[in-house]
file model.cif (mmCIF, C-alpha atoms)
data_model
#
loop_
_atom_site.label_atom_id
_atom_site.label_comp_id
_atom_site.auth_asym_id
_atom_site.auth_seq_id
_atom_site.Cartn_x
_atom_site.Cartn_y
_atom_site.Cartn_z
CA MET A 1 12.71 -8.86 44.87
CA SER A 2 16.28 -7.69 44.50
CA GLU A 3 18.01 -7.57 41.16
CA ILE A 4 20.37 -10.37 42.20
CA PHE A 5 19.14 -13.96 42.17
CA VAL A 6 21.26 -16.79 43.58
CA LEU A 7 20.91 -20.29 42.15
CA GLU A 8 23.21 -23.12 43.25
CA GLY A 9 25.70 -20.56 44.55
CA ILE A 10 25.73 -18.59 41.28
CA GLU A 11 24.66 -14.96 41.39
CA PHE A 12 22.58 -13.74 38.44
CA ASP A 13 22.34 -9.98 37.94
CA LEU A 14 18.82 -9.62 36.58
CA THR A 15 19.58 -6.26 34.99
CA LEU A 16 21.73 -8.05 32.38
CA THR A 17 20.74 -9.99 29.29
CA TYR A 18 21.67 -13.70 29.28
CA ALA A 19 22.39 -16.08 26.41
CA ASP A 20 21.60 -19.78 26.58
CA ILE A 21 23.60 -22.55 24.88
CA THR A 22 21.67 -22.09 21.62
CA GLY A 23 22.49 -18.36 21.49
CA VAL A 24 18.99 -17.15 22.36
CA GLU A 25 19.02 -14.02 24.52
CA TRP A 26 16.85 -13.82 27.63
CA VAL A 27 15.87 -10.86 29.81
CA TRP A 28 14.10 -10.64 33.15
CA THR A 29 10.42 -9.71 32.83
CA GLY A 30 10.39 -8.08 36.24
CA GLU A 31 8.05 -10.79 37.50
CA GLN A 32 8.60 -13.84 39.67
CA VAL A 33 6.87 -17.11 40.44
CA ASP A 34 7.54 -18.75 43.82
CA GLY A 35 10.48 -16.37 44.31
CA VAL A 36 12.06 -17.36 40.99
CA PRO A 37 12.48 -14.68 38.30
CA LEU A 38 10.69 -15.13 34.97
CA MET A 39 12.84 -14.75 31.86
CA ALA A 40 11.56 -13.96 28.36
CA GLN A 41 13.28 -14.16 25.01
CA LYS A 42 14.64 -10.82 23.97
CA ARG A 43 13.46 -11.33 20.39
CA ALA A 44 10.68 -13.87 20.28
CA PRO A 45 9.38 -13.87 16.65
CA GLY A 46 9.18 -17.54 15.75
CA GLY A 47 10.47 -18.40 19.19
CA CYS A 48 8.95 -19.02 22.58
CA GLU A 49 6.64 -16.20 23.61
CA ALA A 50 5.98 -17.65 27.09
CA PRO A 51 8.42 -16.67 29.86
CA TRP A 52 10.48 -19.34 31.60
CA LYS A 53 11.52 -19.58 35.21
CA LEU A 54 15.22 -18.82 35.54
CA THR A 55 15.73 -22.19 37.22
CA ASP A 56 14.15 -24.08 34.29
CA LEU A 57 16.13 -22.02 31.80
CA TYR A 58 19.34 -22.74 33.69
CA TRP A 59 18.73 -26.49 34.00
CA GLU A 60 17.40 -27.09 30.47
CA LEU A 61 19.35 -24.60 28.31
CA GLY A 62 22.25 -23.76 30.58
CA PRO A 63 24.75 -22.70 31.32
CA ILE A 64 23.45 -19.23 30.67
CA ILE A 65 26.01 -16.51 30.15
CA ALA A 66 25.64 -12.82 30.96
CA ILE A 67 25.99 -10.44 28.02
CA HIS A 68 27.58 -7.19 29.12
CA ASP A 69 27.43 -3.93 27.20
CA ARG A 70 30.55 -3.03 25.23
CA PRO A 71 32.77 -0.60 27.10
CA SER A 72 32.85 2.94 25.75
CA PRO A 73 36.12 4.60 24.65
CA VAL A 74 36.09 6.45 27.98
CA ASP A 75 35.83 3.10 29.82
CA PHE A 76 38.76 1.71 27.79
CA ARG A 77 40.92 4.72 28.60
CA ALA A 78 40.01 4.51 32.27
CA ALA A 79 40.97 0.82 32.34
CA ILE A 80 44.27 1.31 30.51
CA ASP A 81 45.34 4.69 31.88
CA PRO A 82 43.20 6.00 34.74
CA ASP A 83 45.22 9.23 34.69
CA TYR A 84 44.76 9.83 30.95
CA ALA A 85 44.07 13.55 31.35
CA ASP A 86 47.29 13.92 33.38
CA THR A 87 49.18 11.90 30.76
CA VAL A 88 48.01 14.24 27.98
CA ALA A 89 48.78 17.32 30.09
CA ALA A 90 52.30 16.04 30.78
CA GLY A 91 52.93 15.78 27.03
CA TYR A 92 53.28 12.01 26.89
CA VAL A 93 50.67 11.72 24.15
CA GLU A 94 52.04 12.50 20.71
CA ALA A 95 49.86 14.11 18.07
CA PRO A 96 49.44 12.02 14.89
CA ALA A 97 51.24 14.67 12.78
CA ALA A 98 54.22 14.72 15.18
CA PHE A 99 54.35 10.92 15.16
CA ALA A 100 54.32 10.81 11.33
CA ALA A 101 57.09 13.42 11.16
CA ARG A 102 59.20 11.50 13.68
CA ILE A 103 58.98 8.15 11.95
CA THR A 104 59.59 9.51 8.43
CA ALA A 105 62.33 12.02 9.34
CA ALA A 106 65.23 9.58 9.54
CA PRO A 107 65.36 7.05 6.72
CA VAL A 108 67.05 3.74 7.40
CA PRO A 109 70.58 3.79 5.92
CA THR A 110 71.00 1.18 3.18
CA SER A 111 74.48 0.36 4.43
CA ALA A 112 72.93 -1.06 7.61
CA VAL A 113 70.94 -3.64 5.63
CA PRO A 114 73.06 -6.72 4.85
CA GLN A 115 73.22 -7.65 1.18
CA LEU A 116 73.13 -11.33 0.29
CA THR A 117 75.44 -12.71 -2.35
CA ALA A 118 75.53 -16.11 -4.02
CA HIS A 119 78.05 -17.53 -1.54
CA HIS A 120 75.50 -17.06 1.27
CA LEU A 121 73.19 -19.61 -0.32
CA PRO A 122 73.68 -23.35 0.09
CA PRO A 123 74.63 -25.24 -3.06
CA SER A 124 71.81 -26.62 -5.13
CA PRO A 125 70.76 -30.19 -4.33
CA LEU A 126 71.14 -30.90 -8.04
CA GLU A 127 74.82 -29.99 -7.86
CA GLN A 128 75.35 -31.95 -4.68
CA THR A 129 74.04 -35.22 -6.09
CA GLY A 130 75.39 -34.92 -9.59
CA PHE A 131 71.87 -35.11 -10.99
CA ARG A 132 72.42 -32.15 -13.32
CA ARG A 133 75.56 -33.81 -14.71
CA PHE A 134 73.50 -36.95 -15.31
CA LEU A 135 70.82 -34.95 -17.15
CA ASN A 136 73.48 -33.31 -19.31
CA THR A 137 74.80 -36.71 -20.35
CA ILE A 138 71.30 -37.79 -21.39
CA LYS A 139 70.82 -34.64 -23.49
CA GLY A 140 74.18 -35.14 -25.11
CA ALA A 141 75.32 -31.73 -24.00
CA ARG A 142 78.36 -33.05 -22.28
CA ARG A 143 80.07 -36.36 -22.89
CA GLY A 144 82.96 -37.31 -20.90
#

call {"tool": "encode", "arguments": {"input": "model.cif", "output": "structure tokens"}}
result
Amino acid sequence: MSEIFVLEGIEFDLTLTYADITGVEWVWTGEQVDGVPLMAQKRAPGGCEAPWKLTDLYWELGPIIAIHDRPSPVDFRAAIDPDYADTVAAGYVEAPAAFAARITAAPVPTSAVPQLTAHHLPPSPLEQTGFRRFLNTIKGARRG
């Protein structure tokens, strides 16, 4: 039997681990019954020790989702920059020390940062409504 099984138009790569809707991981046992692969729980302590047909697993606990291995750093680099070695050779990759020196060499001038003064702020709602004046009349601080 090949390592690809097709069920209802969906191709299952039997070399991968699959997770069902409950989060249980299933792997192919390498066996088949009536042309259908048998799947077993990856970690079965306290779980089902008996293998299931892939069709039963799919219909009862599906959809089942393939779990792929995490890509290695080499795979990430190849996906982002397939010519990474050429990029480094061309000098486009900056060493951490050079980057730190570049970003700390020129401090931001303080004159470029706008300074806020009191006239930039809107007046207090207390001043707008006269509420503070009312409070002062209650305290007796200002009569008039």

call {"tool": "resolve_selection", "arguments": {"input": "model.cif", "expression": "the PyMOL selection byres ((chain A and resi 7) around 10)", "output": "PDB file with C-alpha atoms, in the coordinates of the input"}}
result
ATOM      1  CA  ILE A   4      20.370 -10.370  42.200  1.00  0.00           C
ATOM      2  CA  PHE A   5      19.140 -13.960  42.170  1.00  0.00           C
ATOM      3  CA  VAL A   6      21.260 -16.790  43.580  1.00  0.00           C
ATOM      4  CA  GLU A   8      23.210 -23.120  43.250  1.00  0.00           C
ATOM      5  CA  GLY A   9      25.700 -20.560  44.550  1.00  0.00           C
ATOM      6  CA  ILE A  10      25.730 -18.590  41.280  1.00  0.00           C
ATOM      7  CA  GLU A  11      24.660 -14.960  41.390  1.00  0.00           C
ATOM      8  CA  PHE A  12      22.580 -13.740  38.440  1.00  0.00           C
ATOM      9  CA  VAL A  36      12.060 -17.360  40.990  1.00  0.00           C
ATOM     10  CA  LEU A  54      15.220 -18.820  35.540  1.00  0.00           C
ATOM     11  CA  THR A  55      15.730 -22.190  37.220  1.00  0.00           C
ATOM     12  CA  TYR A  58      19.340 -22.740  33.690  1.00  0.00           C
TER      13      TYR A  58
END

call {"tool": "closest_residue", "arguments": {"input": "model.cif", "among": "A:Glu3, A:Glu25, A:Asp75, A:Asp86", "to": "Gln41 (chain A)", "atoms": "all atoms listed in the file"}}
result
A:Glu25

call {"tool": "closest_residue", "arguments": {"input": "model.cif", "among": "A:Thr17, A:Thr22, A:Asn136, A:Thr117", "to": "Ile67 (chain A)", "atoms": "only C-alpha atoms"}}
result
A:Thr17

call {"tool": "atom_distance", "arguments": {"input": "model.cif", "atom1": "CA of Tyr18 (chain A)", "atom2": "CA of His68 (chain A)"}}
result
8.8 Å

call {"tool": "atom_distance", "arguments": {"input": "model.cif", "atom1": "CA of Thr15 (chain A)", "atom2": "CA of Leu57 (chain A)"}}
result
16.4 Å

call {"tool": "atom_distance", "arguments": {"input": "model.cif", "atom1": "CA of Trp59 (chain A)", "atom2": "CA of Gly30 (chain A)"}}
result
20.3 Å
